Structure formats: C-alpha cells, structure tokens
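> Next up is a structure, given as structure tokens.
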Amino acid sequence: MDKIRLTEVIRAIGIKGKLKVTKGMNKENISICCPLAKWRHEKGSDSRPSMSISFNDKGEPSLVHCFSCHFNGTLLSLLQAMSTYRGGDTTLDTLIKQVEKNDKITATTKLDNFQRGLFDEIAKTDEQLLAGNTKSFQWDDKELDRFKITKLPEYAIRRGFTSAMAKLWELGYDRKRHRLTFPIRDDKHNLVGLMGRDIHPDPKIKWFAYWNCPKGFYLYGEHLLDKSAEFIIVCEGMLDVIHLYSLGIKNPICIFGSYITEHQIQRLLRYGLPIIAFFDGDEGGTLASNRLNKMVEGAEMVLSVDMPDGKDPGDLTKEEIDTLISNRKLYKFKNLELDKLVNVNIIDQLF
Ligand SMILES: [Zn+2]
C-alpha cells in the first residue's frame, strides 16, 4: 500500500482536519468526529468529537469507541459498518478489499506510528477482539414490547406486507422516530439486534441499527433456515429476504449490505449447503459475489445467477426468481479493475 492509498483509507474513515489527542487511563487516545454520525447519531452529525481510538502497548490503535452512538470495534469493523450503512457503496467496499489485500507496508514507506498501526489494524480481521464476546449482543425479547403494533402502518401495506408476513418477521414500529422495526435473530432464535427503516418520504438515512448491533456477525433470516433444504440464497437486503420468503422461495438470508464478513461466511458454511449468490445486479453485487467466492475458494459451494443489470431481488417476480435459480451455475470470479473504482474525489464527497 502506498502513501496515497493509506491517506485515502484514513480519509475514508472520516479522519481529517483536527485530531484531538487526549490522555486516558495512562494511555493516549485520539478523538475524531464519528464517521458514523450521519447514520447513528440523532442529530446526524458529530462536532464533539465523540469517537475515541485507543492504542495498545505497541502504540498501535486497538479499539474504536464512540461515546455518542456507542459503536465499539476495530478500525476494520468501523469501515465495514460504514459500508453497511451506505449499502452497496462500491467505493468503500473496494477500499476494504484493497486494504485487506495489501497487507504489507514496505520499509521505505514513511509513515508515523499512528498511520502504520492504523493500517495494520485495518488489515487484520476483528475475529479475535469480538470472539467470545457475543453474549453481550443478546437482548431480552421484552425489548421489543415498545415497538409492538396492532395494525400495519400504511407504508408497510404499500410495500406489500401482509399481517402474516409482519407476524413472521416480527415487524414493529418506532412511533417516536417513524421507523418500521425488524428484529434480527440468530439460529437459536436469540434476539441479537434490531434494524429500523425510516418511513418518512425520501429519508436521508434509510436504515438505523438499534443497540449497536454488530450486523457483520449475523445473517438476517437465519432463524428461519431449513437445514434440509437444497441450498441457501444470500441476498444483500432484508427486504429482499422477506420478498423471497413470501414468494415461497426457500432459505433466503441477507448480509445487510454488499459486504460479507468472515463471521457471516463461517455461519453459512456450518450448514454444509451450497450457497447461491443472489446479489444486486450492479458493481456492489459483483464485488459481494467475488468476495464470497474468494473466501470459500476451493469449496465449490458458491453458485451464482445472472441477475439482470440494475435489478435487485426485490424487483423480481416468482417466475423470474425460479428461472434464475434453476439456471444457477458455479460462480466465476469477475475482474472489475478494482483500482479504477477508487476515486479520491468520490470519497471526499461522502463526508
Ligand atoms: Zn458515533
């Protein structure tokens, strides 16, 4: 990774302008404005700055924490979170891929400790940090009581929701913030998160993650998987899953965006079923398919469909979906000329 690329990464996670160095618990922290503020802070911005990056004994950044939205994780998981919120942001997904791929900093690259550590941390996965920590991501079912609905909001009806679907997916409503709520459950039916869809007309931020749920750990729809089915269908969005399921298509799940994590792959592989990449017909979808294929390389488990350009699973009829699935074939890696997708100007515009 050269210096320019590293600068892009630092910019992309929102570190620009002032960095505030603070002393805490015998260690130096760096505070930045939370790059997730747009999605996770009530005001949609952060001027405090609320996000703190702490350093380990070697002077490398280890933990990222936001005091406003309570994001907790590593720098890699921060990038992944941003990718999830932006939904199909190919620039950021490409950046993550490149960061993962380019895991060496040459001795000639002049970087200060902060930059070097930042890069090392991003290049690692966050498996270790979060391993054994999943207990704290379980919530009591009564947390959902305040979102209970007696009748479907107009928006849900317009989107084709029936009462039966709302019941199955435990659809709720956040009256205060005008959001439809979708609980996330793991394979054992534990409540592990809650997503909210803003139903104002033309909302700035469509999806909101309640309780700081680490979505990258889970698959939406996993609690309804049929282990004896022929395959698992992986989509990008929650509404895609609900759409497919309501059409009687077996085993749709989603990865909450176009970035599939190691955790999600591990979860998928436990079932030993072929995986059909059913991502959107755009660059984000192709990147997601490539990544999925690469991560289970050699397993010959990833199949793909010819999703029409510009379409996503939510647009398709049962006949179209059935045809795509019956014409599934072994996935072939598509070369996207990744370098061309990363454009510094695009990254700048995002903040
Ligand atoms: Zn925050």
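Ordering of the structure tokens sets the chain letters (A, B, ...), residue numbers begin anew at 1 in every chain, and ligands are numbered from 1 in the order given.
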Could you pull the residues within 7 Å of range 244-258 of chain A, counting only C-alpha atoms, minus those fewer than 3 positions along the same chain, as a PDB file with C-alpha atoms, in the first residue's frame?


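Writing the result to out11.pdb gives the following:
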```
ATOM      1  CA  THR A  84     -23.205  -1.480   5.606  1.00  0.00           C
ATOM      2  CA  GLY A  87     -25.480  -0.027   1.327  1.00  0.00           C
ATOM      3  CA  GLY A  88     -23.731  -1.030  -1.854  1.00  0.00           C
ATOM      4  CA  LYS A 215     -24.584  -6.930  11.967  1.00  0.00           C
ATOM      5  CA  LEU A 219     -27.411 -13.276   8.823  1.00  0.00           C
ATOM      6  CA  TYR A 220     -30.912 -11.907   8.596  1.00  0.00           C
ATOM      7  CA  GLY A 221     -33.373 -14.771   8.305  1.00  0.00           C
ATOM      8  CA  GLU A 222     -31.077 -17.383   9.800  1.00  0.00           C
ATOM      9  CA  LEU A 225     -33.423 -21.537   7.714  1.00  0.00           C
ATOM     10  CA  ASP A 226     -34.430 -25.052   6.770  1.00  0.00           C
ATOM     11  CA  ILE A 232     -29.085 -21.171   0.928  1.00  0.00           C
ATOM     12  CA  ILE A 233     -29.769 -17.994  -1.035  1.00  0.00           C
ATOM     13  CA  VAL A 234     -27.697 -14.995   0.008  1.00  0.00           C
ATOM     14  CA  CYS A 235     -29.090 -11.523  -0.717  1.00  0.00           C
ATOM     15  CA  GLU A 236     -27.952  -8.032   0.218  1.00  0.00           C
ATOM     16  CA  GLY A 237     -31.044  -6.587   1.832  1.00  0.00           C
ATOM     17  CA  MET A 238     -33.567  -7.502   4.479  1.00  0.00           C
ATOM     18  CA  ASP A 240     -35.108  -8.924  -0.415  1.00  0.00           C
ATOM     19  CA  VAL A 241     -35.208 -11.754   2.111  1.00  0.00           C
ATOM     20  CA  GLY A 284     -21.672  -3.772  -5.401  1.00  0.00           C
ATOM     21  CA  GLY A 285     -23.337  -7.110  -6.069  1.00  0.00           C
ATOM     22  CA  ALA A 288     -20.013  -9.209  -2.966  1.00  0.00           C
ATOM     23  CA  LYS A 318     -41.604 -15.580  -8.521  1.00  0.00           C
TER      24      LYS A 318
END
```

> Neighbouring residues of Tyr85 in chain A were defined as those with any atom within 8 Å, considering only C-alpha atoms; residues of the same chain fewer than 5 positions away were excluded. Please report them as a PyMOL selection string.

chain A and resi 39+207-208+257

> Dump N, CA and C atoms for the selected residues as a PDB file, in the first residue's frame?


```pdb
ATOM      1  N   TRP A  39     -25.445   8.304  10.275  1.00  0.00           N
ATOM      2  CA  TRP A  39     -26.397   7.209  10.371  1.00  0.00           C
ATOM      3  C   TRP A  39     -26.843   6.911  11.798  1.00  0.00           C
ATOM      4  N   TRP A 207     -31.795   3.230   6.854  1.00  0.00           N
ATOM      5  CA  TRP A 207     -31.720   2.169   7.851  1.00  0.00           C
ATOM      6  C   TRP A 207     -30.965   2.620   9.082  1.00  0.00           C
ATOM      7  N   PHE A 208     -31.468   2.228  10.247  1.00  0.00           N
ATOM      8  CA  PHE A 208     -30.825   2.564  11.503  1.00  0.00           C
ATOM      9  C   PHE A 208     -30.645   1.282  12.317  1.00  0.00           C
ATOM     10  N   GLY A 257     -26.243  -5.618   3.364  1.00  0.00           N
ATOM     11  CA  GLY A 257     -25.411  -4.784   2.505  1.00  0.00           C
ATOM     12  C   GLY A 257     -24.644  -5.654   1.537  1.00  0.00           C
TER      13      GLY A 257
END
```

> Using only C-alpha atoms for the distances, tell me which of A:Lys204, A:His263, A:Arg291, A:Arg328 is nearest to Gly44 in chain A.

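The answer is A:Lys204, which sits nearest to Gly44 in chain A.
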
> Between A:Leu36, A:Ser77, A:Gly196, A:Lys227, single out the one closest to Arg270 in chain A, counting only C-alpha atoms.

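Looking at the shortest contact to Arg270 in chain A, the residue is A:Lys227.
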
> A:Ala209, A:Met301, A:Leu152, A:Met295: which is nearest ligand 1, counting only C-alpha atoms and all ligand atoms?

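When distances to ligand 1 are compared using only C-alpha atoms and all ligand atoms, the smallest one comes from A:Ala209.
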
> Select the residues contacting ligand 1 at a distance of at most 8 Å, based on only C-alpha atoms and all ligand atoms, then format the selection as a count of residues only.

17

> One decimal, in Å: what's the spacing between CA of Ala156 in chain A and CA of His189 in chain A?

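It comes out at 23.9 Å.
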
> Pick out each residue of range 274-317 of chain A that DSSP on the backbone tags as alpha helix (DSSP H); I need them as a list of chain:residue names.

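Here is the list: A:Glu283, A:Gly284, A:Gly285, A:Thr286, A:Leu287, A:Ala288, A:Ser289, A:Asn290, A:Arg291, A:Leu292, A:Asn293, A:Lys294, A:Met295.
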
> Taking only C-alpha atoms into account, which of A:Thr150, A:Thr261, A:Ser47, A:Thr317 comes nearest Ser83 in chain A?

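Nearest candidate to Ser83 in chain A out of A:Thr150, A:Thr261, A:Ser47, A:Thr317: A:Thr261.
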
> Using only C-alpha atoms, which residue out of A:Ile321, A:Lys148, A:Asp306, A:Phe231 lies closest to Leu269 in chain A?

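Closest residue, counting only C-alpha atoms: A:Phe231.
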
> Find the residues around Thr181 in chain A up to 7 Å (only C-alpha atoms counted), leave out those fewer than 6 positions away in its own chain, and share them as JSON, numbers by chain.

{"A": [171, 172, 173, 174, 194, 195, 196, 197]}

> Which is closest to Gly314 in chain A among A:Lys38, A:Arg179, A:Arg146, A:Arg159, if we use only C-alpha atoms?

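Nearest to Gly314 in chain A: A:Arg159.
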
> Please, which residues of range 222-333 of chain A, numbered as in this document, come out strand (DSSP E) from DSSP, as a list in words?

Ile232, Ile233, Val234, Cys235, Pro252, Ile253, Cys254, Ile275, Ile276, Ala277, Val302, Leu303, Ser304, Lys329 and Leu330 of chain A

> How many Å separate CA of His223 in chain A from CA of Asp186 in chain A?

5.6 Å

> Between CA of Leu144 in chain A and CA of Ile242 in chain A, measure the distance and give it in Å to one decimal.

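If I compute the distance from CA of Leu144 in chain A to CA of Ile242 in chain A, I get 19.2 Å.
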